[in-house]
Amino acid sequence: MDKILSVKNLSVSFDTYAGVVQAVRNVSFDLDKGETLAIVGESGSGKSVMSKSLMGLIPQPPGKIDGEYIQYKNENILSFSKGKLRKLRGSEISIVFQDPMTSLNPTMTVKNQIIEGILTHNRISKKKAVARAIELLGLVGIHEPEKRINQYPHQFSGGMQQRVVIAMALACDPEILIADEPTTALDVTVQAQVIDLFKKIQKERGTSIVFITHDLGVVANIADRVAVMYAGKIVEIGKVEEIFYNPSHPYTKGLLKAMPNLRDSNSRLMSIPGSPPNLMHPPAGDAFALRNKAPLKIDFLYHPPMFKVTDTHEAATWLLHEKVGQEVENEIEDILLTEEEEKESVDQKVLGNKLLEVTDLKQHFNAGQNNEVRAVDGVSFEIYEGETFGLVGESGCGKSTTGRNLVNLYEATGGEIYFKGERLAKKNKVELHKQIQMIFQDPYSSLNPRWTVADIIAEGMDIHGLYKSEKERRKKVEDLLETVGLNPEHATRYPHEFSGGQRQRIGIARALAVEPEFIVADEPISALDVSIQAQVINLLNKLQKEQGLTYLFIAHDLSMVKHISDRVGVMYQGRMVEIAPSDELYENPLHPYTQSLLGAIPVPDPNSEKTRKKFKDVTWEKTGVEGEMREVFPDHFVSCTEEELEMYRKKGAFELVDS
Amino acid sequence: MESLIQEFGFLEVDEISIPEQKLTDDLFEVERQLDKDVEVISQKPVSYLGDSWKRLKKNRGAIIGLVLIIIIIFLALAGPYMNSHEFDEQNLKISNLPPKVPALEHVPFLGLDGKDIEGQDTYAVKNVDGYYWFGTDNLGRDVWTRVWEGTRISLYIAFLAALLDLLIGVTYGSISAYYGGKIDNVMQRIIEVLIGVPNLIVIILLILVLQPGIVSITLAMVITGWVNMARIIRGQVLKLKGQEFVLASRTLGAGDTRLIWRHLIPNSIGPIIITTMFTIPTAIFTEAFLSFIGLGLQPPIASLGTIVNDGFELIQIYPHMLMFSSIIISLIMISFNLLGDGLRDAFDPKMRK
C-alpha cells in the first residue's frame, strides 16, 4: 500500500516549572493510504500529544517538537511555516476531539461552524458552502439536515454533537482524519453508532484514520493496524490480528489479560502492578521493565530497538533478541503461570440473608419553574449478604442517584430502603454511617487535597472515635494502607503525589476504616486506565473474600460489571428494566434495552468482532418502560406487561428445547 | 547488576549505538533479585503550600513585590526611629526644606542636595545644620519621619480592614453557600442591597456620626468591603460542596462544623489569600482618598493621605512633599498587586495564561 504519512524519530517535550517532560520519545511509524491505525495506550503515554504534533497543534512554548521528519506528500511537516501549517489543518489533516460539548462553540449555529472551515480553505460561494454542509450532515447520519443545520449545539444530543464534529472535520475532504478518543465521552450504544460512522466514512471516501483510544474493544472493532504506546514510545505495532492473537511485548500481553472477557466468566484478571513511569525522568532501559513480572537483566540497561516479528509486526522488547534462548522463555512462562495460579482459586459464593431491600425508591429533583427531574422513579431490588450486585445503565439513568440514596446522601422522595430489616430513614445516623460506606468515582476529587493520606483514611475513625490513642490511630492507618497494597510509609504524603489507581485505593482504605458491612462503589474504575482497573477490581474481590463485604457495584462498563457481580440490575431512565444473575443476563438477556446494550459492547477480539451478529442489530424502540417487574425465570426479573411475560416464557422454553 | 549500571548507566543509549559486544549472554537472563516495590514514590514529599511557594518563587514580579512589601513594612516600623526628629515636632524656622541626604548630596542630578527649585541651597540660607532626608513640610516637620509614620498607620488601617473583611466575608459566604436554599436566598439579597448603596455615601455618613479617626475609617471601609470576599467564598464553597471528598466525609458521618472548617475553608485558602492581597491596596487607597478630601485622619496624626494632602497645596514650589508620599503609595499598591497576581498563579496553576 502507499504510505500517506511517514513519521521518523518524532519527539515532543514540554518545559514545565518542575522540569522537562518528555511526552513523546523517538516515535517512528507509517500510515498507509485508506487504513485505520489505532493508537492505544494509557493516559500519559503520549498518544494524544503525538497525534496533535502531527499537525503542529502543540503550543510552542512550552512544547517543543523534534524529529527527523513527518513526511506527508513528499513534504516535511516539521519544516512548515505557521501559514503553511494552517493551510494543512482542516484541508489535508483534520482532527476530532474527545468531548463534543467542548469542541463545538455554543454560541454559533452548526451551519456557521461547518462552513467556517469550508470557506477558509476553498474559494467558493457561501451558498455552495451551505449546500456542502447540509450534504455532510446527511452523510454523518443526521436526519433532516436542512432543518437541523440552523440549530445550536445544545439542541443536539451527545452522539449527534460528535457527528457534527465529525462533519466539521470532513468539511474539506481531508486525506487524514485524526480521532482523539472520539467515543470516550459517549455511552456504549452511541459509541457503537459513532464507530460504525467512522467505518463507513473510511469505506466510502478512503480517508486514512488515526484512531486514538484506550479501549481495546474499540480497537478490535475498528482498526486495521494497531500501535501500542507506553511511556512516550511505540512498544509494538502490527496488524490488529497480530497484536491481539500474538502479542510480543510484555506490556501488550499484560493489557490484553487485564481486560475482562464477556464470554468466559471465571478467569481472574491479571493486573499489571505499579503505575506508568514519570516522564520527567524516564528510565534508562525498557520503560516497562519495573512493572514487568519477569524482566530481563538487559531491560534495565538499554532501551530495546524495534525487532521484526513478521513483515508487518514489530515490537520493542529484548525478548525477541536472538540471544534469548528457549530456557529463558520457559523460565518466564513459569513465573507468569505461578502468578496466574495464585489468582485462580475462586470459591463459589454462598449467598446469605437479605441485607438490603429497596422498594419503589423515588428521587425527584426540583429543577425550578415546576420542572421536576425524576432521576430515580420507582426502583426495587434486594441485595443479599456477601454478594456483589451490579447496577448498569447509561449516563443519566439514575444509577448513581440510587447509590447515593443508599448511603443517605439524599433524602428519598418516595419509597423505602430497609437495611437488615430496619427502615433506613429511622435508623441511627451514626450507626448507619459506620455500616454503609461508599467508594467514589473520581480519584482526583474524592480525596481532600489539603490533607495527608493518614488524615484522610482516619477521618471516619476520628468522627466515630474508633481509637484510644494517637499511636493506635497511626497503627490502624498503616494496617489499612497495607491492606490496600500501599506503602505504609506514605501515610504522611498528600494525595496529589499518588497516581490515579493509588488514590482510588486510598479511597477504599478510607471506606474500610470504619469496618462497614456494605459498600456502595460508584463507578470506582471508570476513571482509571485498563492496567490499573484490574488492580482495583482484584483488590475489591480480595477484600470481599477476606472480610465478607457486600457490594453494590455501579458502572457503565458492562464487561467489568459482569466480571465482578453475582447479580446485575439494568436501569433505564430512572427505572429498573431487568435483574438477573450475571451469567444468565449475558447469556439470555430478555429486555430489548439490555439486548441493545449488550450488542453495543465492543469485544477485545478482532475475529469475533467481525463475525459477531448476536444482538448487534437490536435497536430498542423505548417501549415497555411502563411495565412491571415480573419474574420470568427463577431469579430473572424483567420489566414487562402480562403479554410480554408470556412471550418471554414461551421463547425461553423454546430455546431450552432447541439446545 | 549494580556494577553494570555504574559502568554503562551514563551512556545515552540509542537503539543503533549499542555495540554488539556489550550485549553479553548473561544480560539475557531473567532478573530475579530485583527490589520490586513498584508502589514506592520517588519524589520528595511536597505539601500544597510548599508546592505553591515553589511556583511563587519562579514568578519574578511576585518576588519583587514581596521584597518591596517587606522593605516598606520594615521602614514603616523602624523608619521614624532612624533619626532624632519626632513626627509632630514643629519648627517654623526650618519649614519647607528640600531633601538632603549625606553622600548622595554630591550626585547633582538626584536633587538630594538641599537646593530648592531655584537652585538655592536652602540649608545654607536658613542656616540649618544636619540633614532632613526627605526635607521638611510647611510647619518644619521632618517629612521622612512623617512619611513612615503615615505608612505605618495606613498599613495598620489596611491590614485591619482586610482582616475584618476576611472574617466577616468568609463566615457569611460559607454559611450562605453551605446551607443553601432559603438561607442563601435571603443572605444574597442582603448583599445585593449593600452593593446597591453607593460606597462613598455610607462612608461619609458613618464618619460624620463617629468622628474621624482610625477606628471609624476602618469600620467605614469594612461595612461595605466584606461583600466582595463573601461572594468569592460563596462561589468557592458552592463549587466544593458537591465534590466527592465532601460527599465522602458526609457518608462517614461528618457534621456541619467539621465539613465547613476542615474541608471547605481549607480548600478555599487560595482565593481567600488572593482576595485579601487585593483588598489591602484598595483599602490603602481608600484611606488616602478619604484623608485627601478631608474626611480621614485629622492633624497632627500622619497618614499617607494627609501627607499627600499637605504636599498638594505646595506642589509647585516644594514638590518634594507630595513626591515621596505618592511614590510610597504607588509602591505599596504595585507591590501588593504584583504579589497578589503571583499568588493567584501559584495557588491555581490552571489560571495561568
# chains A, B, ... in the order shown; residues from 1 in each chain; ligands from 1
$ residues_around --residues "range 314-328 of chain B" --least-positions-apart "2" --cutoff "8 Å" --atoms "only C-alpha atoms" --output "number ranges by chain"
B: 96, 98-99, 116-117, 134-137, 143, 147, 151, 304, 307-312, 330-332
$ write_last_selection --atoms "C-alpha atoms" --output "mmCIF file, in the first residue's frame"
data_model
loop_
_atom_site.group_PDB
_atom_site.id
_atom_site.type_symbol
_atom_site.label_atom_id
_atom_site.label_comp_id
_atom_site.auth_asym_id
_atom_site.auth_seq_id
_atom_site.Cartn_x
_atom_site.Cartn_y
_atom_site.Cartn_z
ATOM 1 C CA ASN B 96 9.897 73.757 53.640
ATOM 2 C CA PRO B 98 14.190 70.353 50.348
ATOM 3 C CA PRO B 99 15.600 66.847 50.869
ATOM 4 C CA ASP B 116 15.226 74.218 46.028
ATOM 5 C CA ILE B 117 13.745 74.570 42.539
ATOM 6 C CA PHE B 134 13.012 63.838 52.681
ATOM 7 C CA GLY B 135 13.104 67.521 53.616
ATOM 8 C CA THR B 136 10.584 69.255 55.907
ATOM 9 C CA ASP B 137 6.995 70.411 55.453
ATOM 10 C CA VAL B 143 8.957 64.504 56.116
ATOM 11 C CA VAL B 147 6.023 59.535 55.724
ATOM 12 C CA THR B 151 2.793 54.476 56.092
ATOM 13 C CA LEU B 304 -0.149 58.780 53.588
ATOM 14 C CA ILE B 307 0.732 63.933 53.772
ATOM 15 C CA VAL B 308 -0.337 63.925 50.141
ATOM 16 C CA ASN B 309 -2.982 66.492 51.038
ATOM 17 C CA ASP B 310 -0.419 68.730 52.754
ATOM 18 C CA GLY B 311 2.040 68.387 49.897
ATOM 19 C CA PHE B 312 -0.592 69.024 47.255
ATOM 20 C CA SER B 330 2.278 53.751 44.397
ATOM 21 C CA LEU B 331 4.931 51.285 45.515
ATOM 22 C CA ILE B 332 2.613 49.721 48.076
#
$ residues_around --residues "Tyr230 in chain A" --least-positions-apart "5" --cutoff "8 Å" --atoms "only C-alpha atoms" --output "VMD selection string"
chain A and resid 41 to 42 45 to 46 235 276 287 to 288
$ residues_around --residues "range 279-281 of chain B" --least-positions-apart "4" --cutoff "12 Å" --atoms "only C-alpha atoms" --output "VMD selection string"
chain B and resid 69 154 to 166 169 218 221 to 222 225 to 229 271 to 275 285 to 288 328 to 340
$ select_by_dssp --residues "range 229-345 of chain A" --states "alpha helix (DSSP H)" --output "ChimeraX atom specification"
/A:240-245,250-258,326-343
$ atom_distance --atom1 "CA of Glu394 in chain A" --atom2 "CA of Tyr572 in chain A"
7.3 Å
$ closest_residue --among "B:Asp348, B:Asp121, B:Glu29, B:Asp88" --to "chain A" --atoms "only C-alpha atoms"
B:Glu29
$ closest_residue --among "B:Arg55, B:Lys93, B:Lys100, B:Arg344" --to "chain A" --atoms "only C-alpha atoms"
B:Arg55
$ interface_residues --of "chain A" --to "chain B" --cutoff "8 Å" --atoms "only C-alpha atoms" --output "ChimeraX atom specification"
/A:17,273-275,284,290-291,294-298,301-305,318,323-324,328,331-332,407-409,429-430,433-434,437-440,442,445-450,459-460,463,486-487,493-494,497-498,511
$ atom_distance --atom1 "CA of Asp345 in chain B" --atom2 "CA of Ser103 in chain A"
26.1 Å
$ closest_residue --among "A:Leu597, A:Ile115, A:Ile95, A:Ile142" --to "Ala129 in chain A" --atoms "only C-alpha atoms"
A:Ile115
$ residues_around --residues "Glu646 in chain A" --least-positions-apart "5" --cutoff "9 Å" --atoms "only C-alpha atoms" --output "PDB file with N, CA, C and O atoms, in the first residue's frame"
ATOM      1  N   VAL A 632     -39.549 -13.852  35.218  1.00  0.00           N
ATOM      2  CA  VAL A 632     -39.780 -14.670  34.034  1.00  0.00           C
ATOM      3  C   VAL A 632     -39.236 -16.075  34.277  1.00  0.00           C
ATOM      4  O   VAL A 632     -39.924 -17.069  34.076  1.00  0.00           O
ATOM      5  N   THR A 641     -45.090  -6.322  30.399  1.00  0.00           N
ATOM      6  CA  THR A 641     -46.524  -6.475  30.585  1.00  0.00           C
ATOM      7  C   THR A 641     -46.851  -7.959  30.614  1.00  0.00           C
ATOM      8  O   THR A 641     -45.980  -8.792  30.365  1.00  0.00           O
ATOM      9  N   LYS A 651     -40.640 -18.259  24.557  1.00  0.00           N
ATOM     10  CA  LYS A 651     -39.372 -18.186  23.837  1.00  0.00           C
ATOM     11  C   LYS A 651     -38.281 -18.939  24.589  1.00  0.00           C
ATOM     12  O   LYS A 651     -37.514 -19.703  24.019  1.00  0.00           O
TER      13      LYS A 651
END
$ residues_around --residues "His364 in chain A" --least-positions-apart "3" --cutoff "12 Å" --atoms "only C-alpha atoms" --output "list of chain:residue names"
A:Leu361, A:Ala367, A:Gly368, A:Asn370, A:Asn371, A:Glu372, A:Val373, A:Arg374, A:Ala375, A:Val376, A:Asp377, A:Gly378, A:Gly398, A:Thr401, A:Thr402, A:Asn405, A:Tyr410, A:Glu411, A:Ala412, A:Thr413, A:Gly414, A:Gly415, A:Gly574
$ residues_around --residues "Ala124 in chain B" --least-positions-apart "3" --cutoff "12 Å" --atoms "only C-alpha atoms" --output "PyMOL selection string"
chain B and resi 94+97-98+100+113-116+119-121+127-131
$ write_last_selection --atoms "N, CA, C and O atoms" --output "short mmCIF file (atom, residue, chain, number, x, y, z; two decimals), in the first residue's frame"
data_model
loop_
_atom_site.label_atom_id
_atom_site.label_comp_id
_atom_site.auth_asym_id
_atom_site.auth_seq_id
_atom_site.Cartn_x
_atom_site.Cartn_y
_atom_site.Cartn_z
N ILE B 94 12.62 76.14 60.24
CA ILE B 94 13.21 75.26 59.22
C ILE B 94 12.14 74.70 58.30
O ILE B 94 12.25 73.61 57.77
N LEU B 97 12.10 72.77 53.92
CA LEU B 97 13.44 72.44 53.46
C LEU B 97 13.36 71.34 52.42
O LEU B 97 12.62 70.38 52.58
N PRO B 98 14.13 71.45 51.32
CA PRO B 98 14.19 70.35 50.35
C PRO B 98 14.99 69.20 50.94
O PRO B 98 15.72 69.38 51.92
N LYS B 100 17.84 66.45 51.69
CA LYS B 100 19.29 66.46 51.65
C LYS B 100 19.78 65.19 52.34
O LYS B 100 19.42 64.92 53.48
N ASP B 113 20.34 67.41 47.23
CA ASP B 113 21.46 68.19 47.73
C ASP B 113 21.00 69.41 48.53
O ASP B 113 21.77 70.32 48.81
N GLY B 114 19.75 69.44 48.89
CA GLY B 114 19.27 70.53 49.71
C GLY B 114 19.00 71.83 48.96
O GLY B 114 18.80 72.88 49.56
N LYS B 115 19.01 71.79 47.61
CA LYS B 115 18.73 73.00 46.84
C LYS B 115 17.27 73.01 46.42
O LYS B 115 16.71 71.96 46.05
N ASP B 116 16.62 74.17 46.46
CA ASP B 116 15.23 74.22 46.03
C ASP B 116 15.14 74.39 44.52
O ASP B 116 16.16 74.37 43.82
N GLY B 119 17.48 76.57 42.66
CA GLY B 119 18.90 76.27 42.75
C GLY B 119 19.57 76.87 43.96
O GLY B 119 20.79 76.90 44.07
N GLN B 120 18.76 77.35 44.88
CA GLN B 120 19.32 77.96 46.07
C GLN B 120 19.51 76.90 47.16
O GLN B 120 18.62 76.08 47.38
N ASP B 121 20.64 76.90 47.85
CA ASP B 121 20.84 75.95 48.92
C ASP B 121 20.12 76.47 50.17
O ASP B 121 20.64 77.28 50.91
N ASN B 127 20.47 78.55 57.49
CA ASN B 127 21.48 78.25 58.48
C ASN B 127 21.10 77.00 59.31
O ASN B 127 21.06 77.03 60.52
N VAL B 128 20.77 75.93 58.57
CA VAL B 128 20.38 74.69 59.24
C VAL B 128 21.53 73.71 59.20
O VAL B 128 22.12 73.47 58.15
N ASP B 129 21.82 73.14 60.35
CA ASP B 129 22.80 72.07 60.40
C ASP B 129 22.10 70.73 60.18
O ASP B 129 20.90 70.62 60.34
N GLY B 130 22.85 69.74 59.83
CA GLY B 130 22.29 68.38 59.75
C GLY B 130 21.52 68.15 58.47
O GLY B 130 21.55 68.97 57.54
N TYR B 131 20.84 67.02 58.43
CA TYR B 131 20.19 66.58 57.20
C TYR B 131 18.73 66.25 57.44
O TYR B 131 18.39 65.66 58.47
#
